Amino acid sequence: MFEVADPPEIVLFFGRFHPLLVHLPIGFLLIAFLLELFSRFQRYQSIRHAVSFVLFLGAWSSILAAGLGYFLSLGGGYDEDALALHQWMGIGTAIAALGALLLKTRLNNQASRLKERIYVLTLSLTVVLMMGAGHYGGSLTHGSDYLTTYFPTSLESFTGGSTGKNKKVKVITNLPEAVVYTDIIQPIFDSRCISCHNPTKQKGDLRLEAFAGLQAGGKGGSVVEAGQAYRSELYKRLLLPPEDEHAMPPKGKEPLTESELQLIAWWINEGGAAAGKKVKELAQTPSVKLALANYTAGNKWENPVFAKKIAHAPEQVLQAADRAGFLVMPLAKGQPFLQVQRKTGAPVPEDLSALAPLAEQLVALDLNGTPVSDSLLAAIGTFGNLTRLYLQNTQATDASISQLVNLPNLEYLNLYGNPITDKGIMLLAKIPHLQKLYLWKTKVTPAGVAALQQKQQELQIIIGNSIETEVKDQQPSVAQSE
Amino acid sequence: MNIFEEALMRQAEYQTRRHFLGKCTTGLGALALSSLIGCNWMKDGSGPAPVSGIVRDLSKPFAPLAPHFAPKAKSVIFLHMAGAPSQLELFDYKPALQKLDGLDCPQSLLEGKKFAFITGVPKMLGPQAKFKQYGQSGAWVSEHLPEFSRMVDEVSFLKAMHTDQFNHAPAQLLMQTGSARLGKPSMGSWVTYGLGSENENLPGFMVLLSGGKAPDAGKAGYGSGFLPTVYQGVECRQHGEPVLYVGNPAGMGRDLRKQSIEAINAVNQLHYEEMNDPETISRISQYEMAFKMQVSVPEVMDIQKEPAYIHEMYGAEPGEASFANNCLLARRLVEKGVRFVQLFDWGWDSHGNDPTNALDKGFGNLCRNIDKPVAALLEDLKMRGLLDETLVVWGAEFGRTPMQENREGKEMSFKGRDHHTDAFTVWMAGGGIKGGYTHGETDEIGYYGTSGRTSIFDLQATILNQLGMDHEKLTYAFQGRNFRLTDVHGKVIKEVIA
């Protein structure tokens with residue numbers, strides 16, 4: 001490559017027209033080749049007269065495109081090897097096209113077998129070179145894995161080898177022990193920056209695929225100043241408004257989220273340069289804690305019920321449940337999952353037998369205000385896919401709770417306004433992923449809550465504003481009168 | 001000919017060839033044209049299939065429909081502070097503004113800007129309240145909201161909201177209907193149209209007013225626009241009967257009322273079969289709803305039934321017209337399955353021309369009126385397990401300027417700020433929204449959003465999203481095209497979703 005210290009702006013200005021013009025010769029030369037090919041058939045003989053004109057357009061536009069491409073390359077920022085290949089193939093295309101044009105115009109005058117052969121060979125060479133130049137040009141602009149990123153996973157076994165798409169972001173299971181740079185910062189760079197800052201395409205001479213590249217810095221020198229996020233070129237560029245020409249990621253690409261920005265600032269401020277530091281070793285402000293929580297939010301537990309393949313409930317079963325006084329609603333359009341509540345004003349059901357055929361589909365059951373006898377709740381354990389259960393103001397007792405331990409997927413359980421005691425709620429420690437438990441106006445004591453919390457650390461237990469005083473006030477106003 | 005015979009005669013005429021040819025000379029052309037351009041809405045449904053994503057049987061306008069995807073929230077309580085409270089005295093803490101207090105506003109902030117009242121060069125006005133950080137999230141809240149400050153960890157703040165309307169009525173319309181002009185359905189109408197209601201005895205969309213005056217946008221702020229009228233918000237009165245004429249007159253028993261409504265509906269049904277106007281079906285279902293409401297509304301609106309400590313918690317006084325009562329009512333309504341409860345509290349227009357809302361005078365009183373009820377609403381919903389699936393939104397139509405208002409170039413009698421469209425604060429809580437989070441930031445003086453700017457349409461898209469609806473798919477075909485709440489704008493604010 002030729003090194004020109006600072007190419008004049010006018011050169012760069014015209015250089016940027018390269019992507020605009022470069023598709024002309026591609027079209028012209030390809031059509032010239034096809035015209036030449038088809039003119040050999042009797043039926044299309046007449047088109048052979050068009051060949052030399054199209055070839056003329058192709059040759060001159062390829063020369064122009066090659067020139068502009070050279071101007072563009074002076075701006076720098078591309079991988080040298082790929083650029084050299086692209087450049088010489090491009091120039092080769094222009095020369096070969098010009099040669100083919102000369103041969104063609106000569107041929108029209110005096111045809112000989114040999115010249116004819118040389119001409120066809122030159123034209124074919126032009127097309128081959130052009131394909132090569134086009135491919136490397138594409139790789140320079142979009143990155144070398146652009147074509148294969150979305151290669152169907154199911155076909156990978158045929159081609160052997162992975163396309164790299166499935167490189168999964170490492171799930172952070174133990175946040176305090178996670179290494180800040182490799183587990184948090186590098187994945188941000190991986191998803192947002194390395195498509196332009198990688199070994200093949202080094203915009204601004206910066207590489208971000210590994211810590212070493214970051215340390216080496218870019219064209220303007222170091223990009224990270226340890227302890228000074230606002231003085232670090234990397235962070236400054238991320239903060240610029242999208243209209244600014246120096247803003248990163250450039251206009252049109254998705255900007256970083258606030259959490260990501262906060263984490264990068266935190267990492268730099270806490271001494272950025274040092275790689276191997278763990279999360280717990282760096283000081284965390286409340287906002288950083290929140291950003292970390294957001295960043296790892298993707299790891300949160302997903303209820304397996306919704307991944308199950310479940311058939312839609314048959315219409316007559318739905319109608320039977322409706323007649324029994326239940327309002328049955330699909331959770332969402334096209335999904336088999338159902339939520340059920342008692343219809344406004346419907347009589348208290350004797351049991352849940354009308355819902356038994358819906359056991360698979362039933363994910364939320366609302367019995368709010370329905371007095372539940374033991375017989376009513378006897379079958380609740382068979383609704384194994386329940387994720388939300390509303391039993392507030394239902395006179396449910398500790399005995400009723402013993403039925404609930406058979407609901408492994410329960411996430412939300414509302415028991416407020418029921419005579420439930422500490423003994424009852426301890427049974428809930430057996431429900432593995434329970435996330436929210438409502439115990440306002442129950443006979444549960446703070447000690448009981450603490451004991452359950454001890455066993456279920458992730459569980460949010462909501463006991464209301466003043467648990468002791470409310471207990472004496474407790475006369476569950478059962479039976480929705482409406 | 002008596003009147004009955006005349007009516008029969010008229011009806012017979014409608015079905016004769018003479019009438020048809022005589023009256024429909026131009027009509028025929030229009031019919032032919034409409035069938036040619038593909039707009040023939042025939043009674044048998046032979047016209048093009050409705051493009052709207054929702055198929056509704058208008059005889060059951062509130063039948064629950066499945067949302068587009070699994071929802072996080074089942075209902076919405078929207079607390080609209082009509083008049084627009086100052087974000088700079090409540091949530092958006094700007095210590096730098098204090099240093100500029102009393103200085104002339106730099107020209108660069110005024111160029112190309114339009115204000116409702118500010119003229120010439122106004123002076124900057126520092127924060128008129130003290131701020132502290134609260135909760136685990138360390139959110140800044142002013143001294144005006146001591147009770148609310150306990151609840152900041154339930155709340156996501158949107159600090160860089162913006163709008164393009166600087167007058168109350170159009171800005172309120174934009175917030176509630178997605179258009180600054182009249183005629184579009186309000187958010188509550190869209191939501192009840194799209195989802196229906198789980199309680200068939202109460203309207204799905206109810207409106208409660210406080211502050212002594214209706215919002216400037218008037219009833220259009222909760223109207224149904226081009227949606228069937230049954231979806232408009234039902235406004236409840238603060239004194240006397242909650243809904244006018246919901247009680248029976250003396251001497252009219254429930255049985256008699258039932259019979260008369262059945263008779264009226266039978267006549268309406270005949271009329272519908274003849275004229276085929278969908279509004280007639282709406283009317284029939286409204287009569288049926290009104291009959292049910294005669295029992296259900298007085299019951300749900302009677303806050304006397306709440307125990308004393310709940311009244312104490314909200315600061316509610318039965319019989320008074322207050323925001324506190326309305327908050328308590330809102331909780332009762334969502335508890336009964338009402339889909340959308342809209343509260344308007346009027347009087348937040350702190351220009352500095354009136355001591356009742358001036359930032360250095362009555363503003364504190366206004367805040368006191370809402371502080372306890374809002375905190376109680378969040379807390380009450382939470383302990384009942386309702387906050388998990390009720391989206392509470394607090395906000396106004398716009399914000400207020402960091403400059404002191406100088407109406408007609410004169411100094412105002414009290415400290416006040418002008419309408420400001422470029423930056424204001426809205427918060428959301430519950431219904432699958434993150435707790436203790438702040439999205440968006442404003443510059444050092446709270447004049448313009450520097451990151452995370454969100455528009456009115458983004459807020460609306462997010463509200464619909466939490467209810468399980470794609471704001472781009474909740475559409476209604478009207479005047480030849482599909483309309484939606486967010487029209488052509490709106491992006492769900494993913495950052496605040498838990």
# chains A, B, ... in the order shown; residues from 1 in each chain; ligands from 1

$ interface_residues --of "chain B" --to "chain A" --cutoff "8 Å" --atoms "only C-alpha atoms" --output "MDAnalysis selection string"
chainID B and resid 64:71 136:138 199:201 296 379:380 382:385 437 452 468

$ residues_around --residues "Gly178 in chain B" --least-positions-apart "2" --cutoff "6 Å" --atoms "only C-alpha atoms" --output "list in words"
Leu174, Met175, Leu485 and Thr486 of chain B

$ write_last_selection --atoms "N, CA and C atoms" --output "mmCIF file, in the first residue's frame"
data_model
loop_
_atom_site.group_PDB
_atom_site.id
_atom_site.type_symbol
_atom_site.label_atom_id
_atom_site.label_comp_id
_atom_site.auth_asym_id
_atom_site.auth_seq_id
_atom_site.Cartn_x
_atom_site.Cartn_y
_atom_site.Cartn_z
ATOM 1 N N LEU B 174 -53.293 15.327 23.008
ATOM 2 C CA LEU B 174 -52.189 14.531 22.459
ATOM 3 C C LEU B 174 -51.830 13.404 23.427
ATOM 4 N N MET B 175 -51.750 13.735 24.705
ATOM 5 C CA MET B 175 -51.404 12.727 25.696
ATOM 6 C C MET B 175 -52.471 11.628 25.761
ATOM 7 N N LEU B 485 -53.698 4.344 17.945
ATOM 8 C CA LEU B 485 -53.478 5.354 18.984
ATOM 9 C C LEU B 485 -52.222 6.167 18.696
ATOM 10 N N THR B 486 -51.155 5.490 18.309
ATOM 11 C CA THR B 486 -49.884 6.182 18.119
ATOM 12 C C THR B 486 -49.697 6.651 16.686
#

$ residues_around --residues "Ala375 in chain B" --least-positions-apart "4" --cutoff "12 Å" --atoms "only C-alpha atoms" --output "VMD selection string"
(chain A and resid 465) or (chain B and resid 145 to 155 313 to 315 324 327 to 328 367 to 371 379 to 382 392 394 429)

$ closest_residue --among "B:Val393, B:Ala32, B:Ala169, B:Leu359" --to "Leu343 in chain B" --atoms "only C-alpha atoms"
B:Val393

$ atom_distance --atom1 "CA of Phe117 in chain B" --atom2 "CA of Arg407 in chain B"
5.3 Å

$ select_by_dssp --residues "range 378-419 of chain B" --states "strand (DSSP E or B)" --output "ChimeraX atom specification"
/B:390-395,399-404,407,417-419

$ write_last_selection --atoms "N, CA, C and O atoms" --output "mmCIF file, in the first residue's frame"
data_model
loop_
_atom_site.group_PDB
_atom_site.id
_atom_site.type_symbol
_atom_site.label_atom_id
_atom_site.label_comp_id
_atom_site.auth_asym_id
_atom_site.auth_seq_id
_atom_site.Cartn_x
_atom_site.Cartn_y
_atom_site.Cartn_z
ATOM 1 N N THR B 390 -51.294 -4.005 37.777
ATOM 2 C CA THR B 390 -51.927 -2.714 37.497
ATOM 3 C C THR B 390 -50.830 -1.715 37.174
ATOM 4 O O THR B 390 -49.905 -1.522 37.960
ATOM 5 N N LEU B 391 -50.924 -1.090 36.026
ATOM 6 C CA LEU B 391 -49.936 -0.102 35.623
ATOM 7 C C LEU B 391 -50.419 1.261 36.097
ATOM 8 O O LEU B 391 -51.500 1.712 35.721
ATOM 9 N N VAL B 392 -49.636 1.896 36.963
ATOM 10 C CA VAL B 392 -49.991 3.232 37.438
ATOM 11 C C VAL B 392 -49.088 4.225 36.707
ATOM 12 O O VAL B 392 -47.870 4.076 36.696
ATOM 13 N N VAL B 393 -49.701 5.212 36.060
ATOM 14 C CA VAL B 393 -48.934 6.226 35.332
ATOM 15 C C VAL B 393 -49.251 7.579 35.948
ATOM 16 O O VAL B 393 -50.418 7.910 36.150
ATOM 17 N N TRP B 394 -48.223 8.333 36.282
ATOM 18 C CA TRP B 394 -48.410 9.689 36.790
ATOM 19 C C TRP B 394 -47.739 10.641 35.814
ATOM 20 O O TRP B 394 -46.583 10.432 35.435
ATOM 21 N N GLY B 395 -48.458 11.667 35.401
ATOM 22 C CA GLY B 395 -47.834 12.607 34.485
ATOM 23 C C GLY B 395 -48.765 13.734 34.134
ATOM 24 O O GLY B 395 -49.861 13.857 34.689
ATOM 25 N N GLY B 399 -44.195 19.985 30.636
ATOM 26 C CA GLY B 399 -43.482 20.372 31.845
ATOM 27 C C GLY B 399 -43.414 21.882 31.964
ATOM 28 O O GLY B 399 -44.226 22.594 31.386
ATOM 29 N N ARG B 400 -42.427 22.363 32.742
ATOM 30 C CA ARG B 400 -42.333 23.811 32.919
ATOM 31 C C ARG B 400 -40.896 24.284 32.720
ATOM 32 O O ARG B 400 -39.936 23.535 32.915
ATOM 33 N N THR B 401 -40.755 25.543 32.300
ATOM 34 C CA THR B 401 -39.455 26.079 31.886
ATOM 35 C C THR B 401 -38.524 26.301 33.076
ATOM 36 O O THR B 401 -38.985 26.600 34.168
ATOM 37 N N PRO B 402 -37.206 26.211 32.843
ATOM 38 C CA PRO B 402 -36.257 26.581 33.895
ATOM 39 C C PRO B 402 -36.222 28.102 34.098
ATOM 40 O O PRO B 402 -35.587 28.587 35.005
ATOM 41 N N MET B 403 -36.898 28.837 33.207
ATOM 42 C CA MET B 403 -36.934 30.292 33.336
ATOM 43 C C MET B 403 -38.182 30.703 34.112
ATOM 44 O O MET B 403 -39.189 30.016 34.078
ATOM 45 N N GLN B 404 -38.073 31.839 34.768
ATOM 46 C CA GLN B 404 -39.253 32.367 35.440
ATOM 47 C C GLN B 404 -40.131 33.050 34.411
ATOM 48 O O GLN B 404 -39.639 33.748 33.519
ATOM 49 N N ARG B 407 -44.733 37.257 31.957
ATOM 50 C CA ARG B 407 -45.855 37.556 31.061
ATOM 51 C C ARG B 407 -45.853 39.032 30.669
ATOM 52 O O ARG B 407 -45.734 39.898 31.511
ATOM 53 N N ARG B 417 -43.437 29.331 36.476
ATOM 54 C CA ARG B 417 -42.717 28.921 35.267
ATOM 55 C C ARG B 417 -43.725 28.777 34.130
ATOM 56 O O ARG B 417 -44.886 28.473 34.365
ATOM 57 N N ASP B 418 -43.231 28.927 32.902
ATOM 58 C CA ASP B 418 -44.114 28.837 31.737
ATOM 59 C C ASP B 418 -44.216 27.381 31.270
ATOM 60 O O ASP B 418 -43.489 26.505 31.730
ATOM 61 N N HIS B 419 -45.122 27.127 30.336
ATOM 62 C CA HIS B 419 -45.255 25.796 29.731
ATOM 63 C C HIS B 419 -43.963 25.418 29.018
ATOM 64 O O HIS B 419 -43.374 26.248 28.351
#

$ atom_distance --atom1 "CA of Ala160 in chain B" --atom2 "CA of Gly440 in chain B"
5.0 Å

$ select_by_dssp --residues "range 94-284 of chain A" --states "helix (DSSP H, G or I)" --output "PyMOL selection string"
chain A and resi 94-109+113-142+153-159+175-177+180-192+203-205+211-216+229-231+233-239+258-269+279-281

$ residues_around --residues "His18 in chain A" --least-positions-apart "4" --cutoff "12 Å" --atoms "only C-alpha atoms" --output "compact mmCIF listing (two decimals) with C-alpha atoms, in the first residue's frame"
# COMPACT_ATOMS: atom_id res chain seq x y z
CA VAL A 11 -9.60 13.28 -2.90
CA LEU A 12 -11.54 11.78 0.01
CA PHE A 13 -14.66 13.53 -1.21
CA PHE A 14 -14.49 11.83 -4.59
CA VAL A 22 -18.84 0.61 -8.45
CA HIS A 23 -22.06 -1.21 -9.23
CA LEU A 24 -22.21 0.21 -12.78
CA PRO A 25 -19.28 -1.78 -14.24
CA SER A 61 -16.93 2.80 -15.85
CA SER A 62 -14.64 0.17 -14.33
CA ILE A 63 -11.64 2.41 -14.89
CA LEU A 64 -13.49 5.27 -13.20
CA ALA A 65 -14.59 3.05 -10.31
CA ALA A 66 -11.05 1.75 -9.82
CA GLY A 67 -9.70 5.29 -9.71
CA LEU A 68 -12.26 6.40 -7.13
CA GLY A 69 -11.61 3.24 -5.17
CA TYR A 70 -7.95 4.16 -4.95
CA PHE A 71 -8.91 7.60 -3.61
CA LEU A 72 -11.12 5.98 -1.02
CA SER A 73 -8.37 3.65 0.09
CA GLY A 90 -10.34 -4.20 -9.24
CA GLY A 137 -15.13 -5.21 -1.49
CA THR A 141 -17.63 -2.83 3.93

$ closest_residue --among "A:Leu389, A:Val348, A:Leu407, A:Leu355" --to "Pro371 in chain A" --atoms "only C-alpha atoms"
A:Val348

$ residues_around --residues "Ala320 in chain A" --least-positions-apart "4" --cutoff "7 Å" --atoms "only C-alpha atoms" --output "list of chain:residue names"
A:Gln316, A:Ala324, A:Ala354

$ atom_distance --atom1 "CA of Lys236 in chain A" --atom2 "CA of Val492 in chain B"
27.3 Å

$ residues_around --residues "Arg453 in chain B" --least-positions-apart "3" --cutoff "10 Å" --atoms "only C-alpha atoms" --output "list of chain:residue names"
B:Leu158, B:Lys159, B:Ala160, B:Met161, B:His162, B:Asp422, B:Ala423, B:Phe424, B:His439, B:Gly440, B:Glu441, B:Thr442, B:Tyr448, B:Gly449, B:Thr450, B:Asp458, B:Ile493

$ write_last_selection --atoms "N, CA and C atoms" --output "PDB file, in the first residue's frame"
ATOM      1  N   LEU B 158     -39.432   8.594  33.859  1.00  0.00           N
ATOM      2  CA  LEU B 158     -39.034   9.000  32.511  1.00  0.00           C
ATOM      3  C   LEU B 158     -38.718  10.485  32.618  1.00  0.00           C
ATOM      4  N   LYS B 159     -37.424  10.803  32.652  1.00  0.00           N
ATOM      5  CA  LYS B 159     -37.060  12.191  32.962  1.00  0.00           C
ATOM      6  C   LYS B 159     -36.960  13.051  31.718  1.00  0.00           C
ATOM      7  N   ALA B 160     -36.915  12.437  30.552  1.00  0.00           N
ATOM      8  CA  ALA B 160     -36.727  13.240  29.338  1.00  0.00           C
ATOM      9  C   ALA B 160     -37.902  13.045  28.381  1.00  0.00           C
ATOM     10  N   MET B 161     -39.104  13.206  28.913  1.00  0.00           N
ATOM     11  CA  MET B 161     -40.293  13.171  28.052  1.00  0.00           C
ATOM     12  C   MET B 161     -40.352  14.474  27.272  1.00  0.00           C
ATOM     13  N   HIS B 162     -40.935  14.404  26.074  1.00  0.00           N
ATOM     14  CA  HIS B 162     -41.130  15.655  25.331  1.00  0.00           C
ATOM     15  C   HIS B 162     -42.420  15.573  24.539  1.00  0.00           C
ATOM     16  N   ASP B 422     -40.033  20.634  25.933  1.00  0.00           N
ATOM     17  CA  ASP B 422     -38.833  19.867  25.581  1.00  0.00           C
ATOM     18  C   ASP B 422     -38.377  18.873  26.644  1.00  0.00           C
ATOM     19  N   ALA B 423     -38.796  19.070  27.874  1.00  0.00           N
ATOM     20  CA  ALA B 423     -38.370  18.126  28.914  1.00  0.00           C
ATOM     21  C   ALA B 423     -39.350  18.148  30.069  1.00  0.00           C
ATOM     22  N   PHE B 424     -39.887  16.996  30.394  1.00  0.00           N
ATOM     23  CA  PHE B 424     -40.674  16.881  31.617  1.00  0.00           C
ATOM     24  C   PHE B 424     -40.649  15.439  32.098  1.00  0.00           C
ATOM     25  N   HIS B 439     -35.065   6.486  33.562  1.00  0.00           N
ATOM     26  CA  HIS B 439     -34.683   6.464  32.148  1.00  0.00           C
ATOM     27  C   HIS B 439     -34.664   7.888  31.644  1.00  0.00           C
ATOM     28  N   GLY B 440     -33.603   8.246  30.974  1.00  0.00           N
ATOM     29  CA  GLY B 440     -33.521   9.581  30.392  1.00  0.00           C
ATOM     30  C   GLY B 440     -32.935  10.580  31.376  1.00  0.00           C
ATOM     31  N   GLU B 441     -32.222  11.539  30.811  1.00  0.00           N
ATOM     32  CA  GLU B 441     -31.590  12.572  31.621  1.00  0.00           C
ATOM     33  C   GLU B 441     -31.789  13.901  30.914  1.00  0.00           C
ATOM     34  N   THR B 442     -31.825  14.974  31.687  1.00  0.00           N
ATOM     35  CA  THR B 442     -31.888  16.298  31.071  1.00  0.00           C
ATOM     36  C   THR B 442     -30.573  16.999  31.321  1.00  0.00           C
ATOM     37  N   TYR B 448     -33.570  20.509  28.291  1.00  0.00           N
ATOM     38  CA  TYR B 448     -33.690  19.623  27.143  1.00  0.00           C
ATOM     39  C   TYR B 448     -33.158  18.241  27.533  1.00  0.00           C
ATOM     40  N   GLY B 449     -33.764  17.184  27.000  1.00  0.00           N
ATOM     41  CA  GLY B 449     -33.295  15.839  27.305  1.00  0.00           C
ATOM     42  C   GLY B 449     -31.975  15.569  26.619  1.00  0.00           C
ATOM     43  N   THR B 450     -30.971  15.082  27.387  1.00  0.00           N
ATOM     44  CA  THR B 450     -29.678  14.798  26.763  1.00  0.00           C
ATOM     45  C   THR B 450     -29.538  13.325  26.418  1.00  0.00           C
ATOM     46  N   ASP B 458     -44.248   7.268  22.549  1.00  0.00           N
ATOM     47  CA  ASP B 458     -43.469   6.186  23.155  1.00  0.00           C
ATOM     48  C   ASP B 458     -44.147   5.721  24.445  1.00  0.00           C
ATOM     49  N   ILE B 493     -40.745   1.781  25.177  1.00  0.00           N
ATOM     50  CA  ILE B 493     -39.555   2.132  25.966  1.00  0.00           C
ATOM     51  C   ILE B 493     -39.110   0.875  26.698  1.00  0.00           C
TER      52      ILE B 493
END

$ residues_around --residues "range 360-364 of chain B" --least-positions-apart "2" --cutoff "10 Å" --atoms "only C-alpha atoms" --output "PyMOL selection string"
chain B and resi 85-86+89+128-129+143-145+347-350+352+354-358+366-369+414-416

$ closest_residue --among "A:Gly448, A:Gly381, A:Pro357, A:Pro19" --to "Gly138 in chain A" --atoms "only C-alpha atoms"
A:Pro19
